[in-house]
>>> print(open('data-v3.cif').read())   # mmCIF, C-alpha atoms
data_run
loop_
_atom_site.label_atom_id
_atom_site.label_comp_id
_atom_site.auth_asym_id
_atom_site.auth_seq_id
_atom_site.Cartn_x
_atom_site.Cartn_y
_atom_site.Cartn_z
CA MET A 20 177.14 81.18 144.58
CA SER A 21 177.72 77.57 143.87
CA GLU A 22 178.05 76.58 147.48
CA GLU A 23 174.57 77.65 148.47
CA PHE A 24 171.32 75.76 148.74
CA LYS A 25 167.75 76.37 149.76
CA VAL A 26 166.21 75.73 153.14
CA GLU A 27 162.56 75.82 154.04
CA ILE A 28 161.14 75.43 157.51
CA VAL A 29 157.42 74.79 157.82
CA ASN A 30 155.28 74.38 160.88
CA PRO A 31 151.61 73.38 160.85
CA GLU A 32 150.41 76.96 160.88
CA LYS A 33 152.55 78.40 158.15
CA SER A 34 155.73 78.37 156.16
CA PHE A 35 158.04 79.55 158.88
CA LEU A 36 161.18 80.43 156.98
CA VAL A 37 162.44 80.23 153.42
CA LYS A 38 166.04 81.07 152.57
CA ASP A 39 167.96 80.31 149.44
CA ASP A 40 171.43 81.57 150.23
CA VAL A 41 172.35 79.06 152.87
CA SER A 42 175.83 77.60 153.00
CA GLU A 43 175.44 75.19 155.89
CA VAL A 44 172.75 73.92 158.22
CA VAL A 45 173.37 72.01 161.40
CA VAL A 46 170.38 70.04 162.63
CA PRO A 47 170.00 68.06 165.84
CA ALA A 48 169.20 64.73 164.20
CA PHE A 49 168.04 61.84 166.28
CA GLU A 50 171.38 60.11 166.27
CA GLY A 51 173.49 63.19 166.82
CA GLU A 52 174.10 66.55 165.26
CA MET A 53 174.28 66.57 161.52
CA GLY A 54 175.82 69.24 159.33
CA ILE A 55 174.37 69.56 155.86
CA LEU A 56 176.28 71.17 153.01
CA LYS A 57 175.42 71.54 149.38
CA ASP A 58 175.14 68.32 147.34
CA HIS A 59 174.55 66.21 150.40
CA ILE A 60 173.04 62.83 149.56
CA SER A 61 169.22 62.69 149.74
CA ILE A 62 168.33 61.97 153.29
CA ILE A 63 165.35 61.73 155.60
CA SER A 64 165.84 61.90 159.31
CA PHE A 65 164.01 63.16 162.33
CA LEU A 66 164.96 65.62 164.97
CA LYS A 67 165.29 65.59 168.69
CA PRO A 68 165.05 68.75 170.81
CA GLY A 69 167.95 71.00 170.03
CA ILE A 70 169.24 73.95 168.08
CA ILE A 71 169.13 74.36 164.34
CA LYS A 72 171.99 76.50 163.09
CA ILE A 73 171.60 78.12 159.73
CA LEU A 74 174.72 79.68 158.27
CA SER A 75 174.25 81.98 155.34
CA LYS A 76 175.70 85.05 153.73
CA SER A 77 173.14 87.31 155.30
CA GLY A 78 174.10 86.15 158.78
CA ASP A 79 173.76 83.17 161.06
CA GLU A 80 170.51 82.21 162.69
CA ASN A 81 169.71 79.85 165.49
CA TYR A 82 166.38 78.16 166.14
CA TYR A 83 165.22 76.02 168.98
CA VAL A 84 163.10 73.01 167.94
CA GLU A 85 161.44 70.30 169.95
CA ASP A 86 160.73 67.80 167.22
CA GLY A 87 160.52 67.48 163.49
CA ILE A 88 161.59 65.80 160.31
CA VAL A 89 164.26 66.85 157.86
CA GLU A 90 164.28 65.95 154.23
CA PHE A 91 167.12 66.85 151.92
CA LYS A 92 166.73 66.35 148.22
CA ASN A 93 168.11 68.08 145.13
CA ASN A 94 169.68 70.76 147.27
CA ASN A 95 166.39 71.54 148.94
CA LEU A 96 166.27 71.12 152.65
CA SER A 97 162.81 70.89 154.18
CA ILE A 98 162.34 70.91 157.89
CA LEU A 99 158.92 70.05 159.26
CA THR A 100 158.42 70.85 162.89
CA SER A 101 155.57 71.57 165.23
CA THR A 102 157.47 73.67 167.74
CA ILE A 103 160.09 76.16 166.68
CA PHE A 104 161.42 79.41 168.15
CA ASN A 105 163.94 81.85 166.85
CA LEU A 106 166.58 82.20 169.53
CA ALA A 107 166.97 85.89 168.76
CA ASP A 108 163.30 86.46 169.66
CA MET A 109 163.42 84.30 172.72
CA ASP A 110 163.96 86.15 175.99
CA LYS A 111 164.89 84.76 179.35
CA SER A 112 161.36 84.41 180.68
CA LYS A 113 160.27 82.41 177.65
CA GLN A 114 163.23 80.11 178.12
CA GLN A 115 162.40 79.68 181.76
CA ASP A 116 158.81 78.80 180.89
CA LEU A 117 159.88 76.17 178.41
CA LEU A 118 162.45 74.80 180.81
CA LYS A 119 159.86 74.52 183.54
CA GLN A 120 157.46 72.69 181.26
CA ALA A 121 160.17 70.33 180.10
CA GLU A 122 161.30 69.63 183.64
CA GLU A 123 157.77 68.84 184.71
CA GLU A 124 157.47 66.47 181.81
CA ALA A 125 160.79 64.83 182.59
CA ASN A 126 159.80 64.29 186.19
CA LYS A 127 156.65 62.46 185.35
CA THR A 128 156.82 58.81 186.24
CA ASP A 129 154.08 57.45 184.03
CA ILE A 130 155.74 58.10 180.68
CA ASN A 131 157.62 55.63 178.53
CA ASP A 132 161.35 55.61 177.98
CA GLN A 133 161.30 57.43 174.69
CA SER A 134 159.29 60.40 175.83
CA LYS A 135 161.39 60.47 178.99
CA TYR A 136 164.50 60.63 176.87
CA LEU A 137 163.06 63.42 174.76
CA ALA A 138 162.04 65.41 177.79
CA ASP A 139 165.50 65.02 179.28
CA GLN A 140 166.98 66.26 176.04
CA LYS A 141 164.75 69.31 176.16
CA VAL A 142 165.88 70.13 179.67
CA GLU A 143 169.49 69.72 178.72
CA VAL A 144 169.29 71.95 175.67
CA LEU A 145 167.33 74.63 177.45
CA LYS A 146 169.78 74.66 180.33
CA THR A 147 172.69 75.26 178.02
CA LEU A 148 170.87 78.26 176.61
CA ASN A 149 170.63 80.00 179.92
CA MET B 27 94.09 92.16 157.23
CA ALA B 28 96.45 92.74 160.13
CA SER B 29 95.96 95.99 161.95
CA LEU B 30 98.27 98.93 161.33
CA ASP B 31 99.88 98.54 164.70
CA ASP B 32 100.70 94.87 164.09
CA LEU B 33 102.26 95.65 160.74
CA LYS B 34 104.37 98.39 162.25
CA LYS B 35 105.66 96.00 164.90
CA ARG B 36 106.48 93.34 162.33
CA ILE B 37 108.39 95.77 160.17
CA ALA B 38 110.41 96.87 163.17
CA SER B 39 111.18 93.29 164.15
CA VAL B 40 112.25 92.23 160.66
CA LYS B 41 114.44 95.31 160.46
CA SER B 42 116.22 94.45 163.66
CA THR B 43 116.72 90.87 162.49
CA GLN B 44 118.22 92.25 159.34
CA LYS B 45 120.64 94.30 161.37
CA ILE B 46 121.79 91.20 163.22
CA THR B 47 122.26 89.10 160.10
CA LYS B 48 124.12 91.94 158.46
CA ALA B 49 126.47 92.24 161.41
CA MET B 50 127.01 88.47 161.44
CA LYS B 51 127.84 88.56 157.77
CA MET B 52 130.47 91.23 158.34
CA VAL B 53 132.01 89.30 161.21
CA ALA B 54 132.04 86.12 159.17
CA ALA B 55 133.67 87.92 156.27
CA ALA B 56 136.44 89.21 158.50
CA LYS B 57 136.96 85.83 160.10
CA LEU B 58 136.83 84.12 156.74
CA ARG B 59 139.79 86.05 155.49
CA ARG B 60 141.86 84.96 158.43
CA ALA B 61 140.68 81.37 158.30
CA GLN B 62 141.32 81.17 154.59
CA GLU B 63 144.78 82.55 155.06
CA SER B 64 145.69 80.03 157.71
CA ALA B 65 144.21 77.20 155.67
CA GLU B 66 146.41 78.19 152.78
CA LYS B 67 149.44 78.60 154.99
CA GLY B 68 148.85 75.20 156.53
CA ARG B 69 148.85 73.40 153.21
CA PRO B 70 152.62 73.21 152.64
CA TYR B 71 153.12 71.34 155.89
CA SER B 72 150.63 68.60 155.18
CA GLU B 73 151.75 68.35 151.58
CA LYS B 74 155.40 68.01 152.56
CA MET B 75 154.47 65.50 155.21
CA ASN B 76 152.59 63.50 152.63
CA ASN B 77 155.55 63.60 150.29
CA VAL B 78 157.97 62.39 152.88
CA ILE B 79 155.72 59.53 153.83
CA LEU B 80 155.24 58.62 150.21
CA ASN B 81 158.98 58.53 149.67
CA LEU B 82 159.39 56.49 152.80
CA SER B 83 156.75 53.94 152.04
CA ASN B 84 158.20 53.49 148.57
CA GLY B 85 161.62 52.96 150.02
CA ILE B 86 160.53 50.54 152.66
CA SER B 87 162.17 47.20 152.24
CA ASP B 88 159.94 44.85 154.17
CA LYS B 89 156.33 45.55 153.28
CA GLU B 90 154.99 42.71 155.42
CA ASN B 91 156.31 44.14 158.62
CA SER B 92 155.64 47.78 157.92
CA PRO B 93 153.90 49.68 160.72
CA LYS B 94 150.24 48.88 161.13
CA LEU B 95 149.22 52.51 160.80
CA LEU B 96 150.42 52.36 157.21
CA SER B 97 149.31 48.95 156.09
CA GLY B 98 146.31 48.40 158.34
CA THR B 99 145.51 45.59 160.69
CA GLY B 100 144.67 43.28 157.84
CA GLN B 101 141.04 43.34 158.91
CA ASP B 102 138.11 45.46 157.93
CA LYS B 103 135.70 44.89 160.77
CA THR B 104 135.45 47.98 162.89
CA HIS B 105 135.24 51.43 161.39
CA LEU B 106 135.99 54.57 163.32
CA CYS B 107 134.55 57.77 161.93
CA VAL B 108 135.71 61.18 163.08
CA VAL B 109 133.00 63.65 162.17
CA MET B 110 134.23 67.22 162.30
CA THR B 111 131.63 69.94 162.56
CA SER B 112 131.37 73.43 164.00
CA ASP B 113 130.44 74.50 167.51
CA ARG B 114 128.10 77.21 166.34
CA GLY B 115 125.01 77.24 164.23
CA LEU B 116 123.63 79.74 161.76
CA CYS B 117 126.00 78.74 159.04
CA GLY B 118 123.68 77.46 156.35
CA GLY B 119 124.11 73.92 155.16
CA PHE B 120 127.61 73.59 156.56
CA ASN B 121 126.92 71.06 159.29
CA SER B 122 124.07 69.28 157.53
CA ASN B 123 126.27 68.63 154.51
CA ILE B 124 128.90 66.87 156.59
CA ILE B 125 126.27 64.96 158.50
CA LYS B 126 124.53 63.89 155.31
CA LYS B 127 127.79 62.59 153.89
CA ALA B 128 128.64 60.84 157.13
CA LYS B 129 125.19 59.30 157.51
CA SER B 130 125.25 57.74 154.06
CA TYR B 131 128.65 56.29 154.89
CA PHE B 132 127.37 54.98 158.23
CA ALA B 133 124.44 53.30 156.51
CA LYS B 134 126.81 51.59 154.09
CA ILE B 135 129.04 50.33 156.91
CA LEU B 136 126.12 49.02 158.91
CA ASP B 137 124.59 47.37 155.84
CA GLU B 138 127.77 45.45 155.34
CA GLY B 139 127.47 44.18 158.87
CA LYS B 140 130.54 45.98 160.13
CA GLU B 141 130.92 47.63 163.47
CA LEU B 142 130.73 51.39 163.68
CA LYS B 143 132.27 53.79 166.17
CA ILE B 144 131.94 57.54 166.01
CA ILE B 145 133.95 60.39 167.42
CA THR B 146 132.32 63.76 167.00
CA VAL B 147 134.38 66.92 166.99
CA GLY B 148 132.26 70.02 167.48
CA SER B 149 128.97 70.13 169.33
CA LYS B 150 126.68 70.65 166.32
CA GLY B 151 127.57 67.32 164.83
CA ASN B 152 127.00 65.62 168.13
CA ASP B 153 123.56 67.21 168.43
CA GLN B 154 122.51 65.95 165.05
CA LEU B 155 123.98 62.48 165.28
CA LYS B 156 123.08 61.50 168.81
CA ARG B 157 119.41 60.98 168.02
CA VAL B 158 120.05 58.22 165.49
CA TYR B 159 123.53 56.99 166.30
CA GLY B 160 123.68 57.87 169.99
CA ASP B 161 124.88 54.43 171.03
CA LYS B 162 127.69 54.47 168.47
CA ILE B 163 129.25 57.72 169.62
CA ILE B 164 132.19 56.84 171.81
CA GLU B 165 133.69 60.25 172.24
CA ASN B 166 132.59 63.84 171.85
CA ILE B 167 135.17 66.57 171.66
CA SER B 168 134.52 70.25 171.44
CA PHE B 169 136.94 73.14 171.22
CA LYS B 170 134.59 75.92 172.15
CA GLU B 171 137.28 77.68 174.16
CA SER B 172 139.87 77.92 171.41
CA LYS B 173 139.25 80.81 169.08
CA ASN B 174 141.10 79.52 166.05
CA ALA B 175 141.98 76.06 164.95
CA ASN B 176 145.36 75.27 166.46
CA TYR B 177 147.71 72.37 166.19
CA PHE B 178 147.51 71.35 169.82
CA ASP B 179 143.81 70.67 169.59
CA ALA B 180 144.37 68.61 166.47
CA ASP B 181 147.15 66.76 168.22
CA LYS B 182 144.80 65.89 171.05
CA VAL B 183 142.34 64.31 168.64
CA GLY B 184 145.18 62.60 166.80
CA LYS B 185 146.59 61.10 169.98
CA MET B 186 143.17 59.83 170.92
CA VAL B 187 142.80 58.12 167.56
CA ILE B 188 146.21 56.52 167.85
CA GLU B 189 145.55 55.35 171.38
CA LYS B 190 142.39 53.65 170.25
CA PHE B 191 144.17 52.12 167.30
CA GLU B 192 146.89 50.69 169.48
CA ALA B 193 144.28 49.29 171.82
CA GLY B 194 142.82 47.50 168.82
CA GLU B 195 139.52 49.30 168.96
CA PHE B 196 139.18 49.82 165.22
CA ASP B 197 140.65 48.78 161.88
CA VAL B 198 139.80 51.66 159.58
CA CYS B 199 139.52 55.34 160.41
CA THR B 200 137.87 57.98 158.27
CA ILE B 201 137.53 61.69 158.92
CA PHE B 202 134.65 63.81 157.65
CA TYR B 203 135.06 67.50 157.00
CA ASN B 204 134.21 70.23 154.54
CA GLN B 205 136.85 71.17 152.07
CA PHE B 206 136.94 74.87 151.36
CA LYS B 207 136.73 75.61 147.67
CA ASN B 208 135.36 79.12 147.68
CA VAL B 209 132.87 81.17 149.62
CA ILE B 210 129.82 79.54 148.10
CA THR B 211 131.16 76.06 147.53
CA GLN B 212 132.31 73.73 150.25
CA ILE B 213 132.71 70.09 149.45
CA PRO B 214 132.07 67.53 152.16
CA GLN B 215 134.94 65.08 152.24
CA ALA B 216 135.49 61.62 153.60
CA GLN B 217 139.19 60.94 153.99
CA GLN B 218 140.60 57.68 155.18
CA ILE B 219 143.58 58.20 157.45
CA VAL B 220 144.11 54.71 158.85
CA PRO B 221 145.36 52.70 157.06
CA LEU B 222 146.90 55.34 154.89
CA ASN B 223 145.99 54.93 151.28
CA ASN B 224 148.08 56.68 148.72
CA GLU B 225 146.02 55.54 145.82
CA GLY B 226 146.78 57.20 142.51
CA GLU B 227 149.75 59.01 143.92
CA GLU B 228 152.54 56.97 142.44
CA ASN B 229 155.80 58.60 143.15
CA SER B 230 157.66 59.15 139.93
CA SER B 231 161.06 59.94 141.34
CA GLU B 232 163.21 56.90 141.65
CA GLU B 233 165.65 58.65 143.87
CA SER B 234 166.82 56.66 146.79
CA TYR B 235 167.15 58.22 150.18
CA GLU B 236 169.46 57.63 153.00
CA PHE B 237 167.63 57.11 156.23
CA GLU B 238 168.85 57.80 159.68
CA PRO B 239 167.74 55.88 161.71
CA ASP B 240 166.22 53.20 159.44
CA GLU B 241 162.95 53.47 157.53
CA ASP B 242 160.84 51.54 159.96
CA GLU B 243 161.79 53.67 162.88
CA ILE B 244 161.21 56.91 161.05
CA LEU B 245 157.90 55.68 159.76
CA SER B 246 156.63 54.61 163.12
CA ASN B 247 157.49 58.05 164.44
CA LEU B 248 156.12 59.87 161.47
CA LEU B 249 152.78 58.17 161.01
CA PRO B 250 151.23 59.31 164.29
CA LYS B 251 152.34 62.83 163.44
CA ASN B 252 150.79 62.51 160.04
CA ILE B 253 147.44 61.67 161.60
CA SER B 254 147.53 64.80 163.70
CA THR B 255 148.58 66.76 160.65
CA GLN B 256 145.72 65.44 158.57
CA ILE B 257 143.27 66.23 161.34
CA PHE B 258 144.73 69.69 161.66
CA LYS B 259 144.36 70.21 157.94
CA ALA B 260 140.74 69.12 158.19
CA MET B 261 140.21 71.57 161.05
CA LEU B 262 141.66 74.44 159.06
CA GLU B 263 139.60 73.62 155.99
CA ASN B 264 136.58 73.25 158.18
CA SER B 265 136.96 76.60 159.88
CA ALA B 266 137.39 78.38 156.56
CA SER B 267 134.36 76.54 155.20
CA GLU B 268 132.31 77.38 158.26
CA GLN B 269 132.94 81.10 157.92
CA GLY B 270 132.36 81.01 154.18
CA SER B 271 129.14 79.13 154.61
CA ARG B 272 127.99 81.46 157.36
CA MET B 273 128.81 84.48 155.28
CA SER B 274 126.74 83.38 152.32
CA ALA B 275 123.90 82.21 154.58
CA MET B 276 123.81 85.55 156.37
CA ASP B 277 124.02 87.40 153.08
CA ASN B 278 120.93 85.55 151.89
CA ALA B 279 119.16 86.19 155.16
CA THR B 280 119.88 89.91 154.96
CA ARG B 281 118.54 90.07 151.44
CA ASN B 282 115.42 88.11 152.33
CA ALA B 283 114.80 90.36 155.29
CA GLY B 284 115.09 93.37 152.98
CA GLU B 285 112.50 91.92 150.61
CA MET B 286 110.22 91.19 153.51
CA VAL B 287 110.49 94.76 154.81
CA ASP B 288 109.59 96.10 151.36
CA LYS B 289 106.54 93.86 151.13
CA LEU B 290 105.38 94.71 154.61
CA THR B 291 105.86 98.43 154.01
CA ILE B 292 103.65 98.29 150.92
CA GLU B 293 101.01 96.42 152.84
CA TYR B 294 101.25 98.95 155.67
CA ASN B 295 100.83 101.91 153.32
CA ARG B 296 97.88 100.27 151.56
CA SER B 297 96.01 99.60 154.73
CA ARG B 298 96.73 103.09 156.03
CA GLN B 299 95.29 104.57 152.86
CA ALA B 300 92.32 102.23 153.00
CA ALA B 301 91.62 103.37 156.55
CA ILE B 302 91.75 107.04 155.55
CA THR B 303 89.47 106.45 152.57
CA LYS B 304 87.04 104.62 154.77
CA GLU B 305 86.93 107.45 157.27
CA LEU B 306 86.39 110.00 154.50
CA ILE B 307 83.49 108.00 153.07
CA GLU B 308 81.95 107.81 156.49
CA ILE B 309 82.21 111.56 157.04
CA ILE B 310 80.85 112.43 153.58
CA SER B 311 77.95 110.03 153.74
CA GLY B 312 77.21 111.26 157.23
CA ALA B 313 77.11 114.87 155.99
CA GLU B 314 74.94 113.93 153.03
CA SER B 315 72.29 112.33 155.14
CA LEU B 316 71.69 115.52 157.08
#
>>> encode(input="data-v3.cif", output="structure tokens")
Amino acid sequence: MSEEFKVEIVNPEKSFLVKDDVSEVVVPAFEGEMGILKDHISIISFLKPGIIKILSKSGDENYYVEDGIVEFKNNNLSILTSTIFNLADMDKSKQQDLLKQAEEEANKTDINDQSKYLADQKVEVLKTLN
Amino acid sequence: MASLDDLKKRIASVKSTQKITKAMKMVAAAKLRRAQESAEKGRPYSEKMNNVILNLSNGISDKENSPKLLSGTGQDKTHLCVVMTSDRGLCGGFNSNIIKKAKSYFAKILDEGKELKIITVGSKGNDQLKRVYGDKIIENISFKESKNANYFDADKVGKMVIEKFEAGEFDVCTIFYNQFKNVITQIPQAQQIVPLNNEGEENSSEESYEFEPDEDEILSNLLPKNISTQIFKAMLENSASEQGSRMSAMDNATRNAGEMVDKLTIEYNRSRQAAITKELIEIISGAESL
């Protein structure tokens, strides 16, 4: 029991997921993937498009996110994100839709470097899913 | 006294109005439940966001160079007001309350000789404001097509605000909306979102965070999101308030219509009786004179 902590994912519409038997969470932080275990130091970071892996007793779960912020404090991990999908619920056509959107975005010429980088990331992650 | 026929018609028309208001009340009640639910569900996000920003701004090392969205431009000349109203009428004092609040604020700004710019969200607010402040309205947004308040709409408004801020078009931004308290009480609110003021919300925890990347970079990414989040929160509160306000307004209207039908029915019966009595008198006195 001692190796578990609580994770909460919220999006603007609702509290997306609350779990309190999590042993490890891997988040796609802005400067690379970051694994969080119990008693991690308090940290705030933000996310780039990628996969959140939640490992817990009741099974592993994977979520696709496009952006967000993570805050870890007192063994509470909060993830705020505006776009999140459970990979288990995501079928091929949904993936294709997202990929198409992301590719369109990445091919735009009038965007700045940062949004270009983010769009490229999206494409990359979505391609690996397929 | 109105003729019997007229009274009959009026009763029928009031009754059909009553039917409409009753139906609207039911619809509003159903929508209210959903809107209230999503307003409550949306609260954790904006609260958490607020917390994170609070922690960040406490931890920031160089206050002088903190992002402008947090500390302001250092000036107080141009005020941008985002007035959020509904797209539909027949919801009691909902829109007028926001407008009243906004107008008193506008008057204050103009009295102080500051410049005023207005963005209206929702067509009802635009209708009411354009007569007096028509030349101040720089943008009018309406989400008639979207059924429920959603984050993408809020994000659109948020991006617009940020764009204007970066172009140096205003120094202070305030949003106006109705906060949902319960079905009969909605409180018009004026909330300043740029620069962010966290007055009275001293963070007690002295815990230090590790930041990755550094504070400034996170903050400058987070603050624009926070604006969209605050606007989204306002939209959710607003839509719950709108339905609540409509429900109580329609409830009143239904009751008033009921009273009116009762009164008209009494009047109708009286005049019918009077007509019968009159006819009887005529017949009797006619018979007597023979």
>>> resolve_selection(input="data-v3.cif", expression="the PyMOL selection byres ((chain B) within 6 of (chain A))", output="list in words")
Lys67, Gly68, Tyr71, Tyr235, Glu236, Phe237 and Glu238 of chain B
>>> atom_distance(input="data-v3.cif", atom1="atom CA of Gly119 of chain B", atom2="atom CA of Gly184 of chain B")
26.6 Å
>>> atom_distance(input="data-v3.cif", atom1="atom CA of Asp242 of chain B", atom2="atom CA of Gly100 of chain B")
18.3 Å
>>> resolve_selection(input="data-v3.cif", expression="the PyMOL selection byres ((chain A and resi 105) around 9)", output="number ranges by chain")
A: 80-84, 103-104, 106-109
>>> closest_residue(input="data-v3.cif", among="A:Leu66, A:Ile130, A:Leu118, A:Val46", to="Asp86 of chain A", atoms="all atoms listed in the file")
A:Leu66
>>> resolve_selection(input="data-v3.cif", expression="the PyMOL selection byres ((chain B and resi 194) around 12)", output="ChimeraX atom specification")
/B:94-95,98-101,103-106,187-193,195-199
>>> closest_residue(input="data-v3.cif", among="A:Ser75, A:Val142, A:Gln115, A:Lys57", to="Val41 of chain A", atoms="only C-alpha atoms")
A:Ser75
>>> atom_distance(input="data-v3.cif", atom1="atom CA of Thr280 of chain B", atom2="atom CA of Asn123 of chain B")
22.2 Å
>>> closest_residue(input="data-v3.cif", among="B:Asn247, B:Ser168, B:Gln256, B:Gln299", to="Ser134 of chain A", atoms="all atoms listed in the file")
B:Asn247
>>> closest_residue(input="data-v3.cif", among="B:Ser149, B:Gln205, B:Ser92, B:Gln44", to="Glu243 of chain B", atoms="only C-alpha atoms")
B:Ser92
>>> axis_aligned_box(input="data-v3.cif", around="segment 135-150 of chain B", padding_each_side="8 Å", output="AutoDock Vina command-line options")
--center_x 129.5 --center_y 57.4 --center_z 162.3 --size_x 25.8 --size_y 42.5 --size_z 30.0
>>> residues_near_point(input="data-v3.cif", point="(135.0, 80.1, 157.7)", cutoff="12 Å", atoms="all atoms listed in the file", output="ChimeraX atom specification")
/B:51,53-65,111-112,114,117-118,120,174-175,204-212,261-275
>>> closest_residue(input="data-v3.cif", among="A:Leu148, A:Lys141, A:Val44, A:Lys38", to="Gly69 of chain A", atoms="all atoms listed in the file")
A:Lys141
>>> build_atoms(input="data-v3.cif", residues="segment 92-109 of chain B", atoms="N, CA and C atoms", output="PDB file, in the coordinates of the input")
ATOM      1  N   SER B  92     155.716  46.334 157.796  1.00  0.00           N
ATOM      2  CA  SER B  92     155.640  47.780 157.920  1.00  0.00           C
ATOM      3  C   SER B  92     154.620  48.124 159.024  1.00  0.00           C
ATOM      4  N   PRO B  93     154.762  49.328 159.581  1.00  0.00           N
ATOM      5  CA  PRO B  93     153.900  49.680 160.720  1.00  0.00           C
ATOM      6  C   PRO B  93     152.416  49.534 160.373  1.00  0.00           C
ATOM      7  N   LYS B  94     151.660  49.154 161.368  1.00  0.00           N
ATOM      8  CA  LYS B  94     150.240  48.880 161.130  1.00  0.00           C
ATOM      9  C   LYS B  94     149.463  50.125 160.719  1.00  0.00           C
ATOM     10  N   LEU B  95     149.925  51.283 161.168  1.00  0.00           N
ATOM     11  CA  LEU B  95     149.220  52.510 160.800  1.00  0.00           C
ATOM     12  C   LEU B  95     149.260  52.738 159.300  1.00  0.00           C
ATOM     13  N   LEU B  96     150.283  52.177 158.650  1.00  0.00           N
ATOM     14  CA  LEU B  96     150.420  52.360 157.210  1.00  0.00           C
ATOM     15  C   LEU B  96     149.665  51.283 156.457  1.00  0.00           C
ATOM     16  N   SER B  97     149.846  50.045 156.888  1.00  0.00           N
ATOM     17  CA  SER B  97     149.310  48.950 156.090  1.00  0.00           C
ATOM     18  C   SER B  97     147.972  48.431 156.621  1.00  0.00           C
ATOM     19  N   GLY B  98     147.578  48.870 157.798  1.00  0.00           N
ATOM     20  CA  GLY B  98     146.310  48.400 158.340  1.00  0.00           C
ATOM     21  C   GLY B  98     146.489  47.154 159.167  1.00  0.00           C
ATOM     22  N   THR B  99     145.414  46.750 159.827  1.00  0.00           N
ATOM     23  CA  THR B  99     145.510  45.590 160.690  1.00  0.00           C
ATOM     24  C   THR B  99     145.279  44.301 159.904  1.00  0.00           C
ATOM     25  N   GLY B 100     144.971  44.467 158.622  1.00  0.00           N
ATOM     26  CA  GLY B 100     144.670  43.280 157.840  1.00  0.00           C
ATOM     27  C   GLY B 100     143.209  42.891 157.942  1.00  0.00           C
ATOM     28  N   GLN B 101     142.469  43.627 158.776  1.00  0.00           N
ATOM     29  CA  GLN B 101     141.040  43.340 158.910  1.00  0.00           C
ATOM     30  C   GLN B 101     140.232  44.554 158.483  1.00  0.00           C
ATOM     31  N   ASP B 102     138.956  44.371 158.380  1.00  0.00           N
ATOM     32  CA  ASP B 102     138.110  45.460 157.930  1.00  0.00           C
ATOM     33  C   ASP B 102     136.790  45.386 158.698  1.00  0.00           C
ATOM     34  N   LYS B 103     136.907  45.168 159.999  1.00  0.00           N
ATOM     35  CA  LYS B 103     135.700  44.890 160.770  1.00  0.00           C
ATOM     36  C   LYS B 103     135.119  46.132 161.417  1.00  0.00           C
ATOM     37  N   THR B 104     135.950  46.843 162.137  1.00  0.00           N
ATOM     38  CA  THR B 104     135.450  47.980 162.890  1.00  0.00           C
ATOM     39  C   THR B 104     135.890  49.287 162.245  1.00  0.00           C
ATOM     40  N   HIS B 105     134.924  50.134 161.985  1.00  0.00           N
ATOM     41  CA  HIS B 105     135.240  51.430 161.390  1.00  0.00           C
ATOM     42  C   HIS B 105     135.081  52.534 162.416  1.00  0.00           C
ATOM     43  N   LEU B 106     136.079  53.398 162.468  1.00  0.00           N
ATOM     44  CA  LEU B 106     135.990  54.570 163.320  1.00  0.00           C
ATOM     45  C   LEU B 106     135.800  55.784 162.418  1.00  0.00           C
ATOM     46  N   CYS B 107     134.784  56.588 162.743  1.00  0.00           N
ATOM     47  CA  CYS B 107     134.550  57.770 161.930  1.00  0.00           C
ATOM     48  C   CYS B 107     134.706  59.010 162.804  1.00  0.00           C
ATOM     49  N   VAL B 108     135.547  59.915 162.373  1.00  0.00           N
ATOM     50  CA  VAL B 108     135.710  61.180 163.080  1.00  0.00           C
ATOM     51  C   VAL B 108     134.941  62.231 162.290  1.00  0.00           C
ATOM     52  N   VAL B 109     133.841  62.696 162.877  1.00  0.00           N
ATOM     53  CA  VAL B 109     133.000  63.650 162.170  1.00  0.00           C
ATOM     54  C   VAL B 109     133.289  65.044 162.709  1.00  0.00           C
TER      55      VAL B 109
END
